[in-house]
Amino acid sequence: MKKIQVKASKNYPVIIDSNLLNDSGNFIKETVSPLPAKVAVFCDDKVEPLYADKVEKSLKSSGFETFRFIFKNGEAQKHMGTITQMIEFLAQNDFTRKDLAVALGGGVTGDMTGFSAAIFKRGIRFVQIPTTLLAMVDSSVGGKTGCNLSSGKNLAGAFYQPELVICDTNCLETLSEKDFACGIAEAVKTAVIQDAELFEFFRKRITNKDSETLKQIIGKCVEIKANVVAQDEKEGGLRQILNFGHTLGHAIEKLSNYEITHGEAVSIGMAAITKAFVKLNKVNPALYDELISVLETNNLPVKHSYTKYELFTAALSDKKRNADSITVVYSPELGRAELLPMKLNDFENLISAAF
Ligand code: GLY
């Protein structure tokens, strides 16, 4: 079992291995102190039939009283209405500040459970049990929680760290090819911005059957993220590199009404922003070609059908934008990222260069 310690405003372990769900109750008992009495498991209706019984059985045998809240699968559910239902559920079941929430699922579940935990009674503890590759390599680690507003992606939220993250790689076996590829997009992002060696893994197509390779990839991504978060938990500077491909990606997700998933949109966003920087002579065309090849090899999209105007307007709702400027992330060479603050009219020109 690989164990990586995240050192942020709260220190917590991320554990990575196969067959961890059956022992999730024990891991929680060993890590969460003082012990909670009640544990609420939050999951969507796709994950619930697969893993909820297993996790609840383990929690019960470790002596916890368990509760289960299920919501519909999909990014469209990631709004304040669902958050209200989640915290009402905690209130109706008399959860106190000593009790615990568990996010069992992908990025949407982790973000919403974390946000509910952050605001219920001004904060109860929570544990992440990510079941998708995207959540294991990125969203379950680092304490970004929240939900979408109709004005844009993740516009409501809090930095709120979990007590523990349990990555059971067996869960990846039930992912669809599309959901699996979305996780690869975030892992490729991590490689491009911080680790050229990691990038080598993706030159051939990774599948959800490559379990030993996946443990290495997840371990590397978590180590890199833990290192970035330790230096800049609240995204004042360095952490923004993790948004490579995300400013345009979030715009594409929103324009598609979330039909294009987060991972797919990040893939398209990385391709588009890199193309733009190639045109500005800040990135070697060979890097763009390598990126496109790796993304396509891994079944990820690199094109979209939106206009410059649509993309620019949607990107303006990005929460990282200031009144008259926005910080753009690009990679001048594999394994390295730069942050470039730019005026909005320069950003508009940059977007035009991506076409
Ligand atoms: N997903 C980017 C971050 O956690 O900062």
# chains A, B, ... in the order shown; residues from 1 in each chain; ligands from 1

call {"tool": "residues_around", "arguments": {"residues": "Ile119 (chain A)", "least_positions_apart": "6", "cutoff": "10 Å", "atoms": "only C-alpha atoms", "output": "short mmCIF file (atom, residue, chain, number, x, y, z; two decimals) with N, CA and C atoms, in the first residue's frame"}}
result
data_model
loop_
_atom_site.label_atom_id
_atom_site.label_comp_id
_atom_site.auth_asym_id
_atom_site.auth_seq_id
_atom_site.Cartn_x
_atom_site.Cartn_y
_atom_site.Cartn_z
N ILE A 83 -26.78 20.63 -2.57
CA ILE A 83 -26.04 20.91 -1.32
C ILE A 83 -27.04 21.11 -0.18
N ILE A 87 -27.11 18.91 3.34
CA ILE A 87 -26.93 19.40 4.72
C ILE A 87 -28.21 19.25 5.54
N GLY A 157 -17.87 27.74 -3.19
CA GLY A 157 -17.05 26.67 -2.62
C GLY A 157 -16.17 27.13 -1.48
N ALA A 158 -15.37 26.19 -1.00
CA ALA A 158 -14.47 26.47 0.12
C ALA A 158 -13.22 25.60 -0.02
N TYR A 160 -11.32 23.19 1.88
CA TYR A 160 -11.62 22.44 3.10
C TYR A 160 -11.05 21.03 2.94
#

call {"tool": "residues_near_ligand", "arguments": {"ligand": "ligand 1", "cutoff": "8 Å", "atoms": "only C-alpha atoms and all ligand atoms", "output": "list in words"}}
result
Asp138, Ser139, Val141, Gly142, Gly143, Lys144, Lys225, Val229, Glu235, Arg239, Gln240, Ile241, Leu242 and Asn243 of chain A

call {"tool": "residues_around", "arguments": {"residues": "Lys254 (chain A)", "least_positions_apart": "6", "cutoff": "10 Å", "atoms": "only C-alpha atoms", "output": "ChimeraX atom specification"}}
result
/A:148,150-153,248,260-262,265,311,314-315,317

call {"tool": "closest_residue", "arguments": {"among": "A:Lys7, A:His246, A:Lys98, A:Lys319", "to": "Glu186 (chain A)", "atoms": "only C-alpha atoms"}}
result
A:His246

call {"tool": "residues_around", "arguments": {"residues": "Ala40 (chain A)", "least_positions_apart": "6", "cutoff": "10 Å", "atoms": "only C-alpha atoms", "output": "ChimeraX atom specification"}}
result
/A:56,64-69,86,89-90,93,95,99-103,113,126

call {"tool": "residues_around", "arguments": {"residues": "Lys220 (chain A)", "least_positions_apart": "3", "cutoff": "12 Å", "atoms": "only C-alpha atoms", "output": "VMD selection string"}}
result
chain A and resid 2 to 4 14 16 136 to 138 187 to 188 190 to 191 194 to 199 201 213 to 217 223 to 227

call {"tool": "residues_around", "arguments": {"residues": "Phe115 (chain A)", "least_positions_apart": "3", "cutoff": "6 Å", "atoms": "only C-alpha atoms", "output": "list in words"}}
result
Met112, Ala118, Thr145 and Gly146 of chain A

call {"tool": "closest_residue", "arguments": {"among": "A:Ala8, A:Cys171, A:Cys147, A:Cys221", "to": "Pro130 (chain A)", "atoms": "only C-alpha atoms"}}
result
A:Cys171

call {"tool": "select_by_dssp", "arguments": {"residues": "region 17-185 of chain A", "states": "alpha helix (DSSP H)", "output": "ChimeraX atom specification"}}
result
/A:24-31,53-61,80-92,107-119,133-134,177-185

call {"tool": "decode", "arguments": {"residues": "region 234-265 of chain A", "atoms": "N, CA, C and O atoms", "output": "tab-separated table (two decimals), in the first residue's frame"}}
result
chain	number	residue	atom	x	y	z
A	234	LYS	N	-4.11	27.76	-0.84
A	234	LYS	CA	-5.27	28.59	-1.22
A	234	LYS	C	-5.12	29.22	-2.61
A	234	LYS	O	-5.77	30.21	-2.93
A	235	GLU	N	-4.20	28.69	-3.40
A	235	GLU	CA	-4.06	29.10	-4.80
A	235	GLU	C	-3.74	30.59	-4.97
A	235	GLU	O	-4.27	31.25	-5.86
A	236	GLY	N	-2.85	31.07	-4.11
A	236	GLY	CA	-2.40	32.45	-4.28
A	236	GLY	C	-1.43	32.59	-5.44
A	236	GLY	O	-1.30	33.67	-6.02
A	237	GLY	N	-0.74	31.52	-5.79
A	237	GLY	CA	0.25	31.58	-6.88
A	237	GLY	C	0.46	30.21	-7.49
A	237	GLY	O	-0.32	29.78	-8.35
A	238	LEU	N	1.48	29.49	-6.97
A	238	LEU	CA	1.91	28.22	-7.58
A	238	LEU	C	0.76	27.27	-7.92
A	238	LEU	O	0.76	26.66	-8.99
A	239	ARG	N	-0.22	27.13	-7.02
A	239	ARG	CA	-1.27	26.12	-7.27
A	239	ARG	C	-2.01	26.37	-8.58
A	239	ARG	O	-2.61	25.45	-9.15
A	240	GLN	N	-1.94	27.60	-9.08
A	240	GLN	CA	-2.63	27.90	-10.35
A	240	GLN	C	-2.09	27.05	-11.50
A	240	GLN	O	-2.77	26.89	-12.51
A	241	ILE	N	-0.87	26.52	-11.37
A	241	ILE	CA	-0.36	25.68	-12.46
A	241	ILE	C	-1.24	24.45	-12.67
A	241	ILE	O	-1.29	23.89	-13.76
A	242	LEU	N	-1.95	24.04	-11.59
A	242	LEU	CA	-2.83	22.86	-11.72
A	242	LEU	C	-4.03	23.17	-12.60
A	242	LEU	O	-4.82	22.28	-12.94
A	243	ASN	N	-4.19	24.44	-12.95
A	243	ASN	CA	-5.32	24.83	-13.81
A	243	ASN	C	-4.95	24.81	-15.29
A	243	ASN	O	-5.70	25.33	-16.11
A	244	PHE	N	-3.80	24.22	-15.63
A	244	PHE	CA	-3.43	24.12	-17.03
A	244	PHE	C	-4.58	23.46	-17.81
A	244	PHE	O	-5.05	22.38	-17.45
A	245	GLY	N	-5.04	24.14	-18.85
A	245	GLY	CA	-6.14	23.61	-19.67
A	245	GLY	C	-7.52	23.87	-19.10
A	245	GLY	O	-8.53	23.58	-19.75
A	246	HIS	N	-7.57	24.42	-17.87
A	246	HIS	CA	-8.86	24.52	-17.18
A	246	HIS	C	-9.66	25.78	-17.51
A	246	HIS	O	-10.89	25.76	-17.46
A	247	THR	N	-8.97	26.90	-17.81
A	247	THR	CA	-9.74	28.13	-18.05
A	247	THR	C	-10.60	27.94	-19.30
A	247	THR	O	-11.82	28.18	-19.28
A	248	LEU	N	-9.97	27.45	-20.38
A	248	LEU	CA	-10.76	27.18	-21.58
A	248	LEU	C	-11.62	25.93	-21.37
A	248	LEU	O	-12.75	25.85	-21.86
A	249	GLY	N	-11.10	24.97	-20.60
A	249	GLY	CA	-11.85	23.74	-20.32
A	249	GLY	C	-13.18	24.03	-19.62
A	249	GLY	O	-14.23	23.55	-20.03
A	250	HIS	N	-13.12	24.86	-18.58
A	250	HIS	CA	-14.36	25.20	-17.87
A	250	HIS	C	-15.33	25.93	-18.79
A	250	HIS	O	-16.55	25.72	-18.71
A	251	ALA	N	-14.79	26.78	-19.66
A	251	ALA	CA	-15.64	27.52	-20.61
A	251	ALA	C	-16.35	26.53	-21.54
A	251	ALA	O	-17.56	26.65	-21.80
A	252	ILE	N	-15.60	25.53	-22.00
A	252	ILE	CA	-16.17	24.53	-22.93
A	252	ILE	C	-17.23	23.67	-22.22
A	252	ILE	O	-18.30	23.40	-22.76
A	253	GLU	N	-16.93	23.30	-20.98
A	253	GLU	CA	-17.92	22.53	-20.20
A	253	GLU	C	-19.23	23.31	-20.08
A	253	GLU	O	-20.31	22.77	-20.31
A	254	LYS	N	-19.09	24.59	-19.75
A	254	LYS	CA	-20.28	25.42	-19.54
A	254	LYS	C	-21.04	25.60	-20.86
A	254	LYS	O	-22.27	25.47	-20.91
A	255	LEU	N	-20.30	25.90	-21.95
A	255	LEU	CA	-20.94	26.11	-23.25
A	255	LEU	C	-21.69	24.85	-23.70
A	255	LEU	O	-22.72	24.94	-24.37
A	256	SER	N	-21.17	23.69	-23.35
A	256	SER	CA	-21.81	22.44	-23.79
A	256	SER	C	-22.94	22.03	-22.83
A	256	SER	O	-23.50	20.95	-22.97
A	257	ASN	N	-23.22	22.90	-21.86
A	257	ASN	CA	-24.20	22.57	-20.83
A	257	ASN	C	-23.80	21.27	-20.11
A	257	ASN	O	-24.63	20.45	-19.77
A	258	TYR	N	-22.51	21.10	-19.92
A	258	TYR	CA	-21.91	19.97	-19.21
A	258	TYR	C	-22.10	18.63	-19.93
A	258	TYR	O	-21.93	17.58	-19.34
A	259	GLU	N	-22.46	18.70	-21.25
A	259	GLU	CA	-22.49	17.47	-22.07
A	259	GLU	C	-21.05	17.00	-22.29
A	259	GLU	O	-20.78	15.82	-22.37
A	260	ILE	N	-20.15	17.99	-22.48
A	260	ILE	CA	-18.73	17.64	-22.56
A	260	ILE	C	-18.25	17.56	-21.11
A	260	ILE	O	-18.43	18.48	-20.33
A	261	THR	N	-17.67	16.41	-20.75
A	261	THR	CA	-17.31	16.20	-19.34
A	261	THR	C	-16.04	16.99	-18.98
A	261	THR	O	-15.31	17.45	-19.87
A	262	HIS	N	-15.77	17.08	-17.68
A	262	HIS	CA	-14.63	17.86	-17.21
A	262	HIS	C	-13.31	17.39	-17.83
A	262	HIS	O	-12.54	18.19	-18.35
A	263	GLY	N	-13.08	16.09	-17.80
A	263	GLY	CA	-11.82	15.55	-18.34
A	263	GLY	C	-11.69	15.83	-19.84
A	263	GLY	O	-10.61	16.21	-20.32
A	264	GLU	N	-12.77	15.62	-20.58
A	264	GLU	CA	-12.74	15.89	-22.02
A	264	GLU	C	-12.45	17.37	-22.27
A	264	GLU	O	-11.66	17.73	-23.15
A	265	ALA	N	-13.11	18.22	-21.48
A	265	ALA	CA	-12.94	19.67	-21.66
A	265	ALA	C	-11.51	20.10	-21.31
A	265	ALA	O	-10.94	20.97	-21.97
